[in-house]
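**Student:** This structure is in structure tokens; I'll ask about it shortly.
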Amino acid sequence: MSAGGAAGGVGYDDVLAAAARIAPFVRRTPVLSSASIDELVGARVWFKCEHLQRVGAFKFRGAANAVFSLDDATASRGVAAHSSGNHAAALALAAQTRGIPCTVVMPRDAPQVKHEATVRAGARVVLCGSTMESRDQTLAEVLRETGATEIHPYDHPHVIAGQGTAALELLEEVPDLGLIVAPVSGGGLLSGTAVAAHGTRPDLVVRGAEPDQVADAYRSLTSGRLDHTGNTTSIADGLLATLSERTFALLQAHDVQVVTVTEAEIVAAMAVLFERLKQVVEPSGAVPLAGLLALARGGAELPSEIGVILSGGNVDLDRLPFGTVPSA
């Protein structure tokens with residue numbers, strides 16, 4: 001990875017190297033737009049459709065980059081991670097593609113669709129409690145038992161560089177963007193997006209979006225210090241992790257700001273994507289559009305061309321939130 005001079009140990013060259021490394025394995029996902037969504041926002045909006053990525057989420061990019069970066073001796077002992085779902089399935093598929101073992105620690109209350117996807121991809125799933133402490137403790141036991149290498153869902157330089165390849169592709173197709181919005185949880189996607197965006201266009205604005213019930217990234221970047229207090233839960237179950245020192249440093253270095261959205265705004269944005277873009281996107285993936293719509297309603301000055309990364313589409317159909325949907 002990049003020498004220590006790059007914030008968080010991840011630089012633009014790492015994103016370019018990741019793009020070359022994972023090209024044989026990932027899908028180059030489409031970029032879509034909708035005239036009716038453009039009208040809602042007041043700008044041309046380009047959606048990078050990572051919900052159409054293998055395993056239904058951007059996570060396969062980072063997992064594949066990390067797995068295929070391992071030397072043969074290390075890889076033979078397998079890989080392991082804890083994940084609420086999308087990273088789990090992504091790591092399982094990356095390991096299966098390379099032909100090595102994979103163990104995933106997953107909360108018992110993770111969406112069933114994500115659990116099943118992980119098992120289908122060939123991973124051994126070890127269930128744990130829903131707290132980060134339970135995840136960490138159970139994963140530590142797995143690592144001791146197997147000798148596997150931990151591939152962290154976001155606090156890993158190869159994972160961050162791999163996630164940045166989505167923005168790299170987006171900018172190759174739509175080079176004149178003035179803003180890119182991505183969801184933020186642990187910060188792997190958002191920090192990778194910032195590295196890729198500013199390596200391509202240093203003047204490009206990158207913003208994150210997160211639920212206001214899980215707003216540690218907003219609080220941390222506003223105060224200038226990591227703040228993991230006050231989080232509860234959210235319909236956006238993929239955005240419950242908190243920033244690491246590495247991702248926080250990257251986001252600070254790239255001057256990334258975060259907008260927060262309500263649960264009702266997330267559901268409304270999800271409905272917009274279903275109805276107007278005709279795309280099945282999970283709540284976490286709808287959060288950046290929710291943030292963009294909130295900025296537009298608030299009178300924010302927006303550029304004429306905006307990119308949005310739709311991060312995942314693994315919707316548990318039994319948990320669809322629609323009924324009386326708030327208007328966008």
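Letters A, B, ... mark the chains of the structure tokens in the order given; residue numbers begin at 1 per chain; ligand numbers begin at 1, in order shown.
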Among segment 51-175 of chain A, which ones does DSSP assign to alpha helix (DSSP H) (computed from the backbone)? Answer as JSON, numbers by chain.
**Tutor:** {"A": [59, 60, 61, 62, 63, 64, 65, 66, 67, 72, 73, 74, 75, 76, 86, 87, 88, 89, 90, 91, 92, 93, 94, 95, 96, 97, 98, 112, 113, 114, 115, 116, 117, 118, 119, 120, 132, 133, 134, 135, 136, 137, 138, 139, 140, 141, 142, 143, 144, 145, 146, 157, 158, 159, 160, 161, 162, 163, 164, 165, 166, 167, 168, 169, 170, 171, 172, 173]}
**Student:** Would you kindly return, as a VMD selection string, each protein, DNA or RNA residue with an atom no farther than 7 Å from any atom of segment 304-307 of chain A, considering only C-alpha atoms and excluding same-chain residues fewer than 5 positions away?
**Tutor:** chain A and resid 43 to 47 176 to 181
**Student:** Selected residues, N, CA and C atoms, written as a short mmCIF file (atom, residue, chain, number, x, y, z; two decimals), in the first residue's frame, please.
**Tutor:**
data_model
loop_
_atom_site.label_atom_id
_atom_site.label_comp_id
_atom_site.auth_asym_id
_atom_site.auth_seq_id
_atom_site.Cartn_x
_atom_site.Cartn_y
_atom_site.Cartn_z
N ALA A 43 -31.04 18.98 -10.30
CA ALA A 43 -29.73 18.77 -10.91
C ALA A 43 -29.77 17.43 -11.63
N ARG A 44 -28.79 17.19 -12.50
CA ARG A 44 -28.68 15.89 -13.15
C ARG A 44 -27.99 14.92 -12.19
N VAL A 45 -28.65 13.81 -11.89
CA VAL A 45 -28.14 12.86 -10.91
C VAL A 45 -27.80 11.55 -11.60
N TRP A 46 -26.58 11.10 -11.39
CA TRP A 46 -26.09 9.86 -11.99
C TRP A 46 -25.87 8.82 -10.89
N PHE A 47 -26.55 7.68 -11.02
CA PHE A 47 -26.51 6.65 -10.00
C PHE A 47 -25.56 5.53 -10.41
N ASP A 176 -17.61 15.06 -15.48
CA ASP A 176 -17.87 16.45 -15.10
C ASP A 176 -18.68 16.59 -13.82
N LEU A 177 -18.71 15.57 -12.98
CA LEU A 177 -19.45 15.65 -11.73
C LEU A 177 -18.90 16.77 -10.85
N GLY A 178 -19.81 17.44 -10.15
CA GLY A 178 -19.38 18.44 -9.17
C GLY A 178 -19.47 17.95 -7.75
N LEU A 179 -20.18 16.82 -7.56
CA LEU A 179 -20.41 16.27 -6.22
C LEU A 179 -20.64 14.78 -6.33
N ILE A 180 -20.07 14.02 -5.40
CA ILE A 180 -20.39 12.60 -5.25
C ILE A 180 -20.88 12.38 -3.83
N VAL A 181 -22.01 11.67 -3.69
CA VAL A 181 -22.57 11.36 -2.38
C VAL A 181 -22.58 9.84 -2.21
#
**Student:** Write out, as JSON lines, each residue of segment 76-117 of chain A that has an atom at most 8 Å from segment 138-146 of chain A, together with the closest pair of atoms and their distance in Å to one decimal, counting only C-alpha atoms, rows going by chain and rising number.
**Tutor:**
{"residue": "A:Arg77", "atom": "CA", "partner": "A:Thr146", "partner_atom": "CA", "distance": 7.2}
{"residue": "A:Gly78", "atom": "CA", "partner": "A:Thr146", "partner_atom": "CA", "distance": 7.8}
{"residue": "A:Ala80", "atom": "CA", "partner": "A:Leu143", "partner_atom": "CA", "distance": 7.2}
{"residue": "A:Ala81", "atom": "CA", "partner": "A:Leu139", "partner_atom": "CA", "distance": 6.7}
{"residue": "A:His82", "atom": "CA", "partner": "A:Leu139", "partner_atom": "CA", "distance": 6.4}
{"residue": "A:Thr103", "atom": "CA", "partner": "A:Val142", "partner_atom": "CA", "distance": 7.7}
{"residue": "A:Val105", "atom": "CA", "partner": "A:Leu139", "partner_atom": "CA", "distance": 6.1}
**Student:** Please save N, CA and C atoms of the selected residues as a tab-separated table (two decimals), in the first residue's frame.
**Tutor:**
chain	number	residue	atom	x	y	z
A	77	ARG	N	-4.40	-20.44	4.56
A	77	ARG	CA	-4.96	-20.58	5.90
A	77	ARG	C	-6.37	-19.99	6.00
A	78	GLY	N	-6.80	-19.33	4.95
A	78	GLY	CA	-8.16	-18.81	4.91
A	78	GLY	C	-8.28	-17.38	5.39
A	80	ALA	N	-11.19	-14.49	7.41
A	80	ALA	CA	-12.33	-14.40	8.32
A	80	ALA	C	-12.66	-12.94	8.56
A	81	ALA	N	-13.90	-12.69	8.98
A	81	ALA	CA	-14.35	-11.33	9.28
A	81	ALA	C	-15.63	-11.40	10.06
A	82	HIS	N	-15.99	-10.27	10.68
A	82	HIS	CA	-17.35	-10.13	11.19
A	82	HIS	C	-18.10	-9.16	10.28
A	103	THR	N	-14.46	-17.94	6.98
A	103	THR	CA	-15.37	-18.00	8.12
A	103	THR	C	-15.89	-16.59	8.40
A	105	VAL	N	-18.29	-14.24	11.02
A	105	VAL	CA	-19.03	-14.04	12.26
A	105	VAL	C	-20.16	-13.06	11.96
**Student:** Just checking: using only C-alpha atoms, which residue out of A:Val31, A:Val113, A:Leu240, A:Ile160 ends up closest to Thr131 of chain A?
**Tutor:**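 Comparing A:Val31, A:Val113, A:Leu240, A:Ile160 against Thr131 of chain A, the winner is A:Leu240.
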**Student:** Taking only C-alpha atoms into account, which of A:Gly162, A:Gly192, A:Pro283, A:Gly224 comes nearest Asp316 of chain A?
**Tutor:** A:Pro283
